[in-house]
Amino acid sequence: MKLVTYNIHYGVGLDARYDVGRIADAVRGADVIALQEVTRANPKNGGRDMVAELGEALPDYFAVYGSNFEADAGSRLENGRAITTTFQLGNMVLSRTPIHLSRNLLLPRSRSVEAMNFQRGALEALVETPLGPIRFYSTHLDHRSPVERLSQIRFLRQRLLKYPLEGGGLSGVAEIGLPELPSPEAFVVMGDFNMLAGSPEHVELAGQPDHEFGMPVTADLAIDAAARLGAAGADLVTWVDPKRPGDTSRYKRIDYVFTSASLAKSLRRLWVDRQAAGSDHLPVWLEMT
């Protein structure tokens, strides 16, 4: 089973060109795809409906989209009919198999004053896989403040661990004649976390290595798939500063794949697609068996 996460930067690459086709080409072949910065009516890409365009480009995938906010972008009356147009930005999950249940988790945020901030989210999708039912999360954390990211990680971690008790977005559906949905312990959290490995935010989610016994594998922590598989160094760079694309000091690893401890032994290979050109980020792939 192959998974991929990709912050698609509104469909605009380092060449300042919008091209959904090359984004679709970069993720096609994965069993589950997590995308971030998927927009509708965004002035930065000409107002394109990326949800519709990605659906057209990847027609053999089931998909869910979660917009974290909607801001008016030219709603109007035409011939007595109200036409609602809103700028939306959020996350998307696409799967080769049907998505049983999804919900959009809105993460804690604070009002910014001198720099733009917006509502962040983690889109949850319950999918049946060859490894059994797994919860997948397409996640995008704050880009300005480690304090806010830490708050978001703490909230997200509680939803990850308490899912079997809380039941996700819907439970008790036997009342309306539908089969009860599974509440699996297993999860995969993918996306743009805007944090560095070893930062307080990273430690809060995945733990910190012990001086003698290394990284703990416990049910209350997530597994950083790259660390588990021994991937390191420049090959894990996932973001290039679009304002200084040639400056290697501005290359960072800020996109991750984390799994539940129950999936640790299923991890096989993680790599970054260094050829993708559709965004200022690079896709991160994970293979599991």
# chains A, B, ... in the order shown; residues from 1 in each chain; ligands from 1
$ select_by_dssp --residues "region 92-216 of chain A" --states "strand (DSSP E or B)" --output "VMD selection string"
chain A and resid 92 to 95 99 to 106 121 to 129 132 to 140 187 to 192 210 214
$ closest_atom_pairs --of "region 178-225 of chain A" --to "region 155-174 of chain A" --cutoff "12 Å" --atoms "only C-alpha atoms" --output "tab-separated table"
residue	atom	partner	partner_atom	distance
A:Leu178	CA	A:Ala174	CA	5.1
A:Pro179	CA	A:Ala174	CA	5.9
A:Glu180	CA	A:Val173	CA	5.8
A:Leu181	CA	A:Ser171	CA	6.9
A:Pro182	CA	A:Gly167	CA	8.6
A:Ser183	CA	A:Pro164	CA	5.1
A:Pro184	CA	A:Pro164	CA	6.5
A:Glu185	CA	A:Pro164	CA	6.5
A:Ala186	CA	A:Leu160	CA	9.0
A:Phe187	CA	A:Leu160	CA	7.3
A:Val188	CA	A:Leu160	CA	9.4
A:Val189	CA	A:Leu160	CA	8.9
A:Phe193	CA	A:Leu156	CA	11.7
A:Glu201	CA	A:Arg157	CA	10.9
A:His202	CA	A:Arg157	CA	11.3
A:Val203	CA	A:Arg157	CA	11.6
A:Glu204	CA	A:Arg157	CA	8.5
A:Leu205	CA	A:Arg157	CA	6.6
A:Ala206	CA	A:Arg157	CA	9.8
A:Gly207	CA	A:Arg157	CA	11.9
A:Thr218	CA	A:Leu161	CA	11.5
A:Ala219	CA	A:Leu161	CA	8.2
A:Asp220	CA	A:Leu161	CA	6.8
A:Leu221	CA	A:Arg157	CA	8.2
A:Ala222	CA	A:Arg157	CA	8.4
$ closest_residue --among "A:Gly80, A:Gly66, A:Pro98, A:Gly47" --to "Val32 (chain A)" --atoms "only C-alpha atoms"
A:Pro98
$ closest_residue --among "A:Gly198, A:Gly46, A:Gly29, A:Pro242" --to "Leu58 (chain A)" --atoms "only C-alpha atoms"
A:Gly29
$ residues_around --residues "Gly233 (chain A)" --least-positions-apart "5" --cutoff "12 Å" --atoms "only C-alpha atoms" --output "list in words"
Ala197, Ala226, Ala227, Thr238, Tyr251, Lys252, Arg253, Trp271 and Val272 of chain A
$ write_last_selection --atoms "N, CA and C atoms" --output "PDB file, in the first residue's frame"
ATOM      1  N   ALA A 197      11.893  18.739  12.806  1.00  0.00           N
ATOM      2  CA  ALA A 197      12.074  17.533  13.619  1.00  0.00           C
ATOM      3  C   ALA A 197      12.806  17.884  14.907  1.00  0.00           C
ATOM      4  N   ALA A 226       9.621   8.565   8.958  1.00  0.00           N
ATOM      5  CA  ALA A 226      10.992   8.764   8.474  1.00  0.00           C
ATOM      6  C   ALA A 226      11.997   8.332   9.530  1.00  0.00           C
ATOM      7  N   ALA A 227      11.760   8.727  10.783  1.00  0.00           N
ATOM      8  CA  ALA A 227      12.671   8.351  11.862  1.00  0.00           C
ATOM      9  C   ALA A 227      12.665   6.843  12.072  1.00  0.00           C
ATOM     10  N   THR A 238      11.470  19.006   2.063  1.00  0.00           N
ATOM     11  CA  THR A 238      10.148  19.010   1.429  1.00  0.00           C
ATOM     12  C   THR A 238       9.671  20.398   1.018  1.00  0.00           C
ATOM     13  N   TYR A 251      16.091  25.501   2.440  1.00  0.00           N
ATOM     14  CA  TYR A 251      15.466  24.199   2.224  1.00  0.00           C
ATOM     15  C   TYR A 251      15.119  23.598   3.580  1.00  0.00           C
ATOM     16  N   LYS A 252      13.895  23.099   3.752  1.00  0.00           N
ATOM     17  CA  LYS A 252      13.468  22.586   5.056  1.00  0.00           C
ATOM     18  C   LYS A 252      12.628  21.318   4.903  1.00  0.00           C
ATOM     19  N   ARG A 253      12.643  20.530   5.958  1.00  0.00           N
ATOM     20  CA  ARG A 253      11.714  19.411   6.070  1.00  0.00           C
ATOM     21  C   ARG A 253      10.579  19.844   6.992  1.00  0.00           C
ATOM     22  N   TRP A 271      10.057   8.135   1.064  1.00  0.00           N
ATOM     23  CA  TRP A 271      10.913   8.931   0.187  1.00  0.00           C
ATOM     24  C   TRP A 271      10.186  10.208  -0.242  1.00  0.00           C
ATOM     25  N   VAL A 272      10.969  11.189  -0.650  1.00  0.00           N
ATOM     26  CA  VAL A 272      10.463  12.468  -1.162  1.00  0.00           C
ATOM     27  C   VAL A 272      10.673  12.489  -2.671  1.00  0.00           C
TER      28      VAL A 272
END
$ closest_residue --among "A:Tyr61, A:Phe136, A:Phe69, A:Trp239" --to "Ser95 (chain A)" --atoms "only C-alpha atoms"
A:Tyr61
$ closest_residue --among "A:Thr86, A:Gln208, A:Ser102, A:Asn194" --to "Asn42 (chain A)" --atoms "only C-alpha atoms"
A:Thr86
$ select_by_dssp --residues "region 140-228 of chain A" --states "alpha helix (DSSP H)" --output "PyMOL selection string"
chain A and resi 146-166+200-206+225-228
$ closest_residue --among "A:Ala231, A:Val113, A:Ala30, A:Ala57" --to "Leu3 (chain A)" --atoms "only C-alpha atoms"
A:Ala30
$ residues_around --residues "Ile33 (chain A)" --least-positions-apart "5" --cutoff "10 Å" --atoms "only C-alpha atoms" --output "list of chain:residue names"
A:Lys2, A:Leu3, A:Val4, A:Thr5, A:Tyr6, A:Val27, A:Arg28, A:Tyr61, A:Ala63, A:Met92, A:Val93, A:Leu94, A:Ser95, A:Arg96, A:Phe136, A:Tyr137, A:Ser138, A:Met190, A:Pro283, A:Trp285
$ residues_around --residues "Ala71 (chain A)" --least-positions-apart "3" --cutoff "9 Å" --atoms "only C-alpha atoms" --output "list in words"
Thr85, Thr86, Phe87 and Gln88 of chain A
$ residues_around --residues "Leu126 (chain A)" --least-positions-apart "6" --cutoff "6 Å" --atoms "only C-alpha atoms" --output "list in words"
Ile99, His100, Leu101, Ile134 and Arg135 of chain A
